[in-house]
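*Asks:* Could you have a look at this structure, given as structure tokens, before my questions?
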Amino acid sequence: MKIELVMMSSLNKSGGGRETWLLNYLEELQARECADTYDFSVLQLAENSLLDDFGCGGGGLVGAIRQYGKLFSVFPTPIRFAVSYLTRGMCLSIKEPLAYDVVIAVGGLNEAIPVAFSSFLFRGRSRSKKIIWLRTIYTKEKGYRFGPFARRMLLKLECFLYKRFFNLVVANGDDTAAFYRQAGLDVSVVHNSTNLSRWLSVDGSESERFRIAFIGRLSSVKGISEFLSSIRRMQEINVDEFANVEFHVVGDGDVKSKEAVLDLQDKGLLKYHGAMDNRSLPNFLEDIDCCVALTLLNDDIGGGGVSNALIEQMAAGKAIIAWDNSIFTPILSPEVAWMVPQGSVGGLTSAYIDACSDRAQVFRKGRLCRERSLDFDIRAHVNRFYNLINKGA
């Protein structure tokens, strides 16, 4: 098959969940010596692109790389991406029809709009099977900035595009699928997953310091504010065990959140590592005892399935402190993690006290997390997706 993958991303190795997913996905295809050819319609590639490790052209796994982002610079990125995608597609179709067996829009509305328009602008693309691979709930990730009426209109637009122009709708988590099913869509689920072999060999920390890490995008929806508040609250509590506790933050994000992280680093309350290449994370996790999973979920924000980062941390045998919401309850429980009422800063500090005072419990929960992660292997993920393509669901 010839497959086009459309993704509004620069494919930076230190990117977020989508980039981590794609890296795992491509590595698995390469290991299988997959005969399919993939073309990529993306933003201008980052200098440290994850495609660097796969090479390009020559009929291999990675075909011609479509780069967008320099044109129409006065427009916001989603508009620039859509217009340049369609403009480039039109120019190339004049030379020869752009015929793909499958076109996969990875993300949400930003990718769906240009793919939908291309369906009736270019004859070669109109015959392709179209797949939208939802990795977010758009009206919660972006639409929360607007009022209820605008969010309803965005959801109606999403559902219209997905029903009218796409043969298959895939979600990366049960919470995402449930949201769109309630809106009337037929949604299949292919859960996030990872290359477990890279993580299962990570050892437990032998440091005398008890290290707790936040790994992910620095934004309000990921719970960074509550995490920082819990560190400040911890300093106000006179508990002997806290003398040995160390907090670490890995990731990049919005300016306000990053400034808050740097402020606590300046005060000596945490260590900030910035964005980190996914391949470097196993070594980093060797010295970590416990990780937090704090994505918030309510009517306005949150969703998107169990993250790749959480699966990796579990596979590395790290104990988890997480919100007790429907993002995490499909994979976590009090048996394997500390489940804290969502938004409770006091609940987080109580979990820290319990964890750092009982390392045997931390080790036991980490071992159980590793066992549960075995259900999220990338091989099963790719098999599931190719089965859906071949069924034409």
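Convention: chains lettered A, B, ... in structure tokens order; per-chain residue numbering from 1; ligands numbered from 1 as shown.
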Might you pull out every residue within 9 Å of range 101-114 of chain A, with only C-alpha atoms counted and same-chain residues fewer than 5 positions away left off, and present them as a PyMOL selection string?

*Replies:* chain A and resi 1-8+18+78-79+81-83+85-86+119+125+127-138+154+157-158+161-162+165-166+389

*Asks:* Which of range 166-304 of chain A counts as strand (DSSP E) under DSSP, as a PyMOL selection string please?

*Replies:* chain A and resi 168-171+188-189+210-215+245-250+271-272+290-293

*Asks:* Do you have the CA of Ala351 in chain A-CA of Ile237 in chain A distance handy?

*Replies:*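 Computing the Euclidean distance for CA of Ala351 in chain A and CA of Ile237 in chain A yields 13.4 Å.
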
*Asks:* Please provide as a ChimeraX atom specification all residues within 12 Å of range 23-34 of chain A, with the sequence filter that same-chain residues fewer than 5 positions apart are discarded (counting only C-alpha atoms).

*Replies:* /A:1-2,5,11-18,40,49-55,59-62,192-198,277-279,308,312,376-383,385-386

*Asks:* Excluding Ala337 in chain A and its own-chain neighbours fewer than 4 positions away, which residues fall within 12 Å of it when counting only C-alpha atoms? Please give them as number ranges by chain.

*Replies:* A: 290-293, 310, 314, 317-324, 328-329, 331-333, 351-352, 354-355, 361-370, 372
